[in-house]
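Novice: Once you've had a glance at the structure underneath, I'll fire off some questions.
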Amino acid sequence: MAEPVKRPTDEPLNRWDRWDRWKAPKYLKRGSGPDDLRLVAGSAVLGLVVAVGAVLAAGPWDSGQRKAERVRAAVQQRAGGAHHEGTAPGGPTPAPSAPAVLSALGTTVGLTAPAGASALETALEPLLDAPALGSVRTAVVVDAATGKQLYARGATTPMTPASTVKIATTAAALSALGPGHRIATKVTLSPDSRTLTLVGGGDPTLDKKALRSLATGAARSLRDGDGDGGTGPVRLTYDTSRYSGPPLHPIGPNENIAPVSALMVDEGRLDKSDRGPATRTDDPAGDAARLFAGLLDEAGVDTRPAPSSGRAPDGARTVARHLSEPLSELVERALTNSDNDIAEALARQTALKAGEPASFAGARRAVTARLKALGLPLTGARLADGSGLDRADKVTAGLLAELLALAAGPDHPELRPVLTGLPVAGFSGTLGDRYTAISPATGLIRAKTGTLTGVNSLAGTAVDAQGRLLAFAFLASGSTSPGEAEASLDALATVLAEGTG
């Protein structure tokens, strides 16, 4: 079946039109529209405030989703109620680190042990057998505190994961580079001061503001003696050699992902969006260079002729440099919004660190090697891309669940952003409208969603009735209704949050 072009991976369909047709548990049903998503005072608010106050505070993505979530949580707690939409000024300062949050979730003192495998089997089996989940479905649940597998069905069966593969991509990048790593974009000047080169480092979040800063720095360098005072024309080239291989994803031109390039602005989007589908440029590097030329002109640097592709000449020196946000923030953004462009960039950064070509093939080898070094079960796994858009991707539910548990454990604190970046049930990202105020799972489940035609997946963590953190992965294929499949997956995760007795 051909891939949909207009609907991005994990981008919800019009749920308000179809919800009444879903045969979901009563605590998942909505009313007639988005207004029904307003959170009310009571147990739902308590669950949301506790979970968001403890877990979301860990996220370092201060410039985006994490900060907004903390602000809303603080306002809700002060007001004694909550509203699913809207923002408020102010808010608490960021928590210093994620590890303390996860330690709290893993605390066992005074808590009843989580339900055993037999109880989970009784609760999960009927939901796993729902026809909405198609012909093949696998599941694994792991106690994140002990690493013990509490439930498994088809734990070692390779499945197409769709966007849940981003969990593996981001974990590999964090393991290889560390959460503080930043991607550099720079401008170099030739020894004769006649050629400026914009050198792409692979930052898909580069924007006009960053390019303006680079232009200002380059102009200053020319005025301060590295050139002839900026009065003569300067040749401008742009270098994308950091990446190799075909730039187009195997699905071809698509609104879900731009051509993969070491140099691009705003993910190659031709509108003002920062997530979801968008018309994309077919020449991201050229567009970035032409924008940069205009900004150089504003800064007093005449560039002639038009920018052209080419490497920086030998002996060129760096005259301006821009660093991306830390890798931890890029990971959170990739997971919360299911951002395909960032995911592919992170896979290539992992390849560069491993000495592999920064291509789809090189990234596949590098990510696989890094996951193997973490001791994860890779039998049957194939990481064909970083985003999950490729149906050739294969992972097991066991791999995803064990990776999430590893991220929650004490031995790999560098993996924490994998957890803090997961969307929050009924609150953020691709789970923002999949749970309601009366669902016992709202605020207690963080999970990465995955959707391709006939493929639906959900992998993340749930805080159970005893306060324990459970890592889970549910993968299904052969589904015919995305809405019904998503409702069934959400019901499975809700069981974990409710507890089984």
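Please note that chains go A, B, ... in the order of the structure tokens, that every chain numbers its residues from 1, and that ligands are numbered from 1 in the order shown.
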Tell me, which residues of segment 210-391 of chain A carry DSSP strand (DSSP E), written as a count of residues only?
Specialist: 14
Novice: Which parts of segment 286-476 of chain A does DSSP call helix (DSSP H, G or I) when run on the backbone here, written out as a ChimeraX atom specification?
Specialist: /A:286-298,327-336,340-353,360-373,397-408,413-420,429-431
Novice: Contacts of segment 308-313 of chain A at 7 Å or less, counting only C-alpha atoms, minus same-chain residues fewer than 3 places along, as a PyMOL selection string?
Specialist: chain A and resi 188+190+197+236-239+316
Novice: To one decimal place, how far is atom CA of Arg235 of chain A from atom CA of Ala215 of chain A in Å?
Specialist: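 Between atom CA of Arg235 of chain A and atom CA of Ala215 of chain A the gap works out to 13.7 Å.
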Novice: Enumerate, in order of chain and increasing residue number, the residues of segment 196-223 of chain A with an atom no farther than 8 Å from segment 278-295 of chain A, each with its shortest atom pair and distance in Å to one decimal, counting only C-alpha atoms, as a tab-separated table.
Specialist:
```
residue	atom	partner	partner_atom	distance
A:Leu198	CA	A:Ala289	CA	7.2
A:Lys208	CA	A:Leu291	CA	7.8
A:Leu211	CA	A:Phe292	CA	6.1
A:Arg212	CA	A:Leu295	CA	5.8
A:Ala215	CA	A:Leu295	CA	6.1
```
Novice: Given the selection you just returned, output its residues as a file containing N, CA and C atoms, formatted as a compact mmCIF listing (two decimals), in the first residue's frame.
Specialist:
```
# COMPACT_ATOMS: atom_id res chain seq x y z
N LEU A 198 29.64 29.24 3.68
CA LEU A 198 28.70 28.84 4.73
C LEU A 198 28.76 27.32 4.82
N LYS A 208 16.50 31.90 10.58
CA LYS A 208 16.94 33.19 10.05
C LYS A 208 17.71 33.99 11.09
N LEU A 211 21.21 32.72 11.12
CA LEU A 211 21.93 33.15 9.92
C LEU A 211 22.28 34.63 10.00
N ARG A 212 21.39 35.43 10.55
CA ARG A 212 21.68 36.86 10.69
C ARG A 212 22.88 37.08 11.60
N ALA A 215 25.95 36.26 9.66
CA ALA A 215 26.25 37.31 8.70
C ALA A 215 26.89 38.51 9.38
```
Novice: Set the distance at 6 Å and use only C-alpha atoms: which residues neighbour segment 123-138 of chain A once local chain neighbours fewer than 3 positions away are removed? I'd like the list as a PyMOL selection string.
Specialist: chain A and resi 120+153-154+474-479+484-485
Novice: Please write the residues from the selection above to a file, keeping C-alpha atoms, as a PDB file, in the first residue's frame.
Specialist:
```
ATOM      1  CA  LEU A 120      -1.098  -8.220  33.811  1.00  0.00           C
ATOM      2  CA  ARG A 153       3.727 -11.435  23.912  1.00  0.00           C
ATOM      3  CA  GLY A 154       5.914 -11.804  20.849  1.00  0.00           C
ATOM      4  CA  PHE A 474       2.839  -2.218  22.056  1.00  0.00           C
ATOM      5  CA  LEU A 475       3.297  -2.830  18.314  1.00  0.00           C
ATOM      6  CA  ALA A 476       0.537  -3.746  15.840  1.00  0.00           C
ATOM      7  CA  SER A 477       0.319  -4.289  12.104  1.00  0.00           C
ATOM      8  CA  GLY A 478      -2.481  -5.064   9.677  1.00  0.00           C
ATOM      9  CA  SER A 479      -4.833  -2.521  11.206  1.00  0.00           C
ATOM     10  CA  GLU A 484      -9.714   2.438  16.389  1.00  0.00           C
ATOM     11  CA  ALA A 485      -6.162   1.098  16.599  1.00  0.00           C
TER      12      ALA A 485
END
```
Novice: Choose the residue, out of A:Val187, A:Ala173, A:Ala373, A:Leu323, that has the smallest atom-to-atom separation from Pro204 of chain A; count only C-alpha atoms.
Specialist: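 Ranking A:Val187, A:Ala173, A:Ala373, A:Leu323 by distance to Pro204 of chain A, first place goes to A:Leu323.
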Novice: Under the rule that only C-alpha atoms are counted, which of A:Ser241, A:Ser163, A:Ser338, A:Thr169 is the nearest residue to Thr368 of chain A?
Specialist: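 Counting only C-alpha atoms, the residue closest to Thr368 of chain A is A:Thr169.
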Novice: What's the 9 Å shell around Glu486 of chain A, counting only C-alpha atoms, without same-chain residues fewer than 4 positions away, as an NGL selection string?
Specialist: :A and (132-133 or 434 or 449 or 451 or 456-458 or 481-482 or 490-491)
Novice: Those residues with N, CA and C atoms, as a tab-separated table (two decimals), in the first residue's frame please?
Specialist:
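Just written: again00.tsv:
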```
chain	number	residue	atom	x	y	z
A	132	ALA	N	-9.24	-4.34	16.24
A	132	ALA	CA	-8.72	-3.06	15.74
A	132	ALA	C	-7.21	-3.06	15.60
A	133	LEU	N	-6.53	-3.96	16.32
A	133	LEU	CA	-5.07	-3.99	16.28
A	133	LEU	C	-4.53	-4.83	15.12
A	434	ARG	N	-5.37	12.52	22.92
A	434	ARG	CA	-5.77	11.11	22.92
A	434	ARG	C	-6.24	10.62	24.29
A	449	THR	N	4.30	7.77	19.94
A	449	THR	CA	3.31	7.17	19.05
A	449	THR	C	3.96	6.80	17.73
A	451	THR	N	2.59	5.78	13.58
A	451	THR	CA	1.48	5.52	12.65
A	451	THR	C	1.97	5.51	11.21
A	456	ASN	N	0.44	0.60	13.68
A	456	ASN	CA	0.21	1.47	14.82
A	456	ASN	C	1.03	0.98	16.00
A	457	SER	N	1.63	1.91	16.72
A	457	SER	CA	2.49	1.52	17.84
A	457	SER	C	2.44	2.57	18.94
A	458	LEU	N	2.79	2.13	20.13
A	458	LEU	CA	2.85	3.01	21.29
A	458	LEU	C	3.90	2.44	22.24
A	481	SER	N	-8.15	0.67	10.62
A	481	SER	CA	-8.68	1.96	11.07
A	481	SER	C	-7.68	2.58	12.05
A	482	PRO	N	-6.98	3.64	11.65
A	482	PRO	CA	-6.01	4.26	12.56
A	482	PRO	C	-6.65	4.71	13.87
A	490	ASP	N	-4.24	2.99	23.40
A	490	ASP	CA	-4.39	3.85	24.57
A	490	ASP	C	-5.05	3.10	25.72
A	491	ALA	N	-5.98	2.21	25.40
A	491	ALA	CA	-6.62	1.42	26.45
A	491	ALA	C	-5.62	0.48	27.10
```
Novice: Take atom CA of Ala155 of chain A and atom CA of Leu444 of chain A and report the distance between them in Å, one decimal.
Specialist: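 Going from atom CA of Ala155 of chain A over to atom CA of Leu444 of chain A covers 23.9 Å.
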Novice: Measuring between only C-alpha atoms, which one of A:Arg242, A:Lys166, A:Arg416, A:Arg382 shows the shortest distance to Ala358 of chain A?
Specialist: A:Arg242
